[in-house]
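Enquirer: Got a structure here, written out as structure tokens. Questions coming.
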Amino acid sequence: MTGGAVDILVACGSGIATSSVAAEAVKKICEENGIPANVHKGVISNLVSMAKNNDIVITTSKYTKDLGKPVIMGFGLISGIGADAISKRIVEECKGVMEANK
């Protein structure tokens with residue numbers, strides 16, 4: 001957390017298209033739930049190094065390596081399939097980070 005905000009990394013294959021759409025969805029979810037968040041975009045190939053500076057990682061493709069922090073499969077934020085469940089998990093993980101850093 002930086003400045004009381006949850007740092008969230010949204011990553012896709014290229015760091016351009018799907019991560020941009022997903023990042024906007026994550027910002028909206030956080031705003032609607034009163035969660036201060038800094039949302040960053042990145043690429044899967046740099047995930048290990050970029051994840052170090054973030055509290056939560058959201059990917060638009062399958063990622064199975066342990067990063068030592070919550071990793072959420074977020075493609076449903078783009079496709080709409082399971083978006084409510086993904087939104088709920090994002091909110092829960094953010095609240096957990098905020099509670100742990102009080």
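Chain labels run A, B, ... following the order of the structure tokens; each chain numbers its residues from 1, and ligands are numbered from 1 in the order shown.
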Set the distance at 8 Å and use only C-alpha atoms: which residues neighbour region 42-44 of chain A once local chain neighbours fewer than 3 positions away are removed? I'd like the list as an NGL selection string.

Expert: :A and (9-15 or 19 or 47 or 50 or 59)

Enquirer: Quick one: everything within 10 Å of Val21 (chain A), counting only C-alpha atoms, minus sequence neighbours fewer than 6 positions away in the same chain. Send it as number ranges by chain.

Expert: A: 10, 60, 75, 77-78

Enquirer: Name the closest residue to Cys94 (chain A) among the candidates A:Lys52, A:Lys27, A:Lys65, A:Lys41; distances are taken between atoms, counting only C-alpha atoms.

Expert: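 Ranked by minimum distance to Cys94 (chain A), first place goes to A:Lys27.
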
Enquirer: So which residues touch Ile8 (chain A) within 8 Å, counting only C-alpha atoms, skipping near sequence neighbours fewer than 6 positions away, as an MDAnalysis selection string?

Expert: chainID A and resid 37:40 54:58

Enquirer: When DSSP works through the backbone of this structure, what residues of chain A end up as strand (DSSP E), shown as a short mmCIF file (atom, residue, chain, number, x, y, z; two decimals) with C-alpha atoms, in the first residue's frame?

Expert:
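The result, written out as states_3.cif:
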data_model
loop_
_atom_site.label_atom_id
_atom_site.label_comp_id
_atom_site.auth_asym_id
_atom_site.auth_seq_id
_atom_site.Cartn_x
_atom_site.Cartn_y
_atom_site.Cartn_z
CA VAL A 6 -4.14 -0.54 -2.36
CA ASP A 7 -1.65 -1.07 -5.20
CA ILE A 8 -3.14 -3.30 -7.89
CA LEU A 9 -1.29 -4.60 -10.93
CA VAL A 10 -3.38 -5.59 -13.97
CA ALA A 11 -1.37 -7.63 -16.47
CA CYS A 12 -1.96 -9.10 -19.91
CA ALA A 37 -6.49 2.17 -5.17
CA ASN A 38 -3.55 2.78 -7.44
CA VAL A 39 -4.08 0.63 -10.53
CA HIS A 40 -1.04 -0.15 -12.66
CA LYS A 41 -0.79 -2.00 -15.99
CA GLY A 42 1.86 -4.50 -16.96
CA VAL A 43 2.73 -7.56 -18.99
CA ILE A 56 -2.81 -7.59 -5.58
CA VAL A 57 -2.24 -8.93 -9.09
CA ILE A 58 -5.00 -9.35 -11.65
CA THR A 59 -4.25 -11.15 -14.91
CA VAL A 71 -3.50 -13.34 -7.96
CA ILE A 72 -6.96 -12.99 -9.51
CA MET A 73 -7.87 -14.24 -12.97
#

Enquirer: Write out as a list of chain:residue names all residues of region 22-62 of chain A that DSSP puts in helix (DSSP H, G or I) for this structure's backbone.

Expert: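 Of region 22-62 of chain A, the ones in helix (DSSP H, G or I) are A:Ala22, A:Ala23, A:Glu24, A:Ala25, A:Val26, A:Lys27, A:Lys28, A:Ile29, A:Cys30, A:Glu31, A:Glu32, A:Ile44, A:Ser45, A:Asn46, A:Leu47, A:Val48, A:Ser49, A:Met50, A:Ala51.
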
Enquirer: Would you save the residues from that selection as a PDB file, in the first residue's frame, using C-alpha atoms?

Expert:
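Contents of the output file result.pdb:
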ATOM      1  CA  ALA A  22      -9.512  -4.583 -17.200  1.00  0.00           C
ATOM      2  CA  ALA A  23      -7.674  -1.763 -15.393  1.00  0.00           C
ATOM      3  CA  GLU A  24     -10.562   0.619 -16.061  1.00  0.00           C
ATOM      4  CA  ALA A  25     -13.000  -1.991 -14.722  1.00  0.00           C
ATOM      5  CA  VAL A  26     -10.868  -2.434 -11.583  1.00  0.00           C
ATOM      6  CA  LYS A  27     -10.750   1.338 -11.021  1.00  0.00           C
ATOM      7  CA  LYS A  28     -14.537   1.488 -11.294  1.00  0.00           C
ATOM      8  CA  ILE A  29     -15.006  -1.444  -8.885  1.00  0.00           C
ATOM      9  CA  CYS A  30     -12.725   0.207  -6.324  1.00  0.00           C
ATOM     10  CA  GLU A  31     -14.388   3.603  -6.677  1.00  0.00           C
ATOM     11  CA  GLU A  32     -17.880   2.120  -6.301  1.00  0.00           C
ATOM     12  CA  ILE A  44       2.723 -11.194 -17.912  1.00  0.00           C
ATOM     13  CA  SER A  45       6.398 -11.603 -18.903  1.00  0.00           C
ATOM     14  CA  ASN A  46       7.402  -9.003 -16.271  1.00  0.00           C
ATOM     15  CA  LEU A  47       4.932 -10.116 -13.632  1.00  0.00           C
ATOM     16  CA  VAL A  48       7.399 -11.441 -11.063  1.00  0.00           C
ATOM     17  CA  SER A  49       9.382  -8.199 -10.853  1.00  0.00           C
ATOM     18  CA  MET A  50       6.363  -5.883 -11.168  1.00  0.00           C
ATOM     19  CA  ALA A  51       4.319  -7.762  -8.570  1.00  0.00           C
TER      20      ALA A  51
END

Enquirer: Interatomic distance between CA of Ala83 (chain A) and CA of Thr64 (chain A)?

Expert: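 Separation between CA of Ala83 (chain A) and CA of Thr64 (chain A): 19.9 Å.
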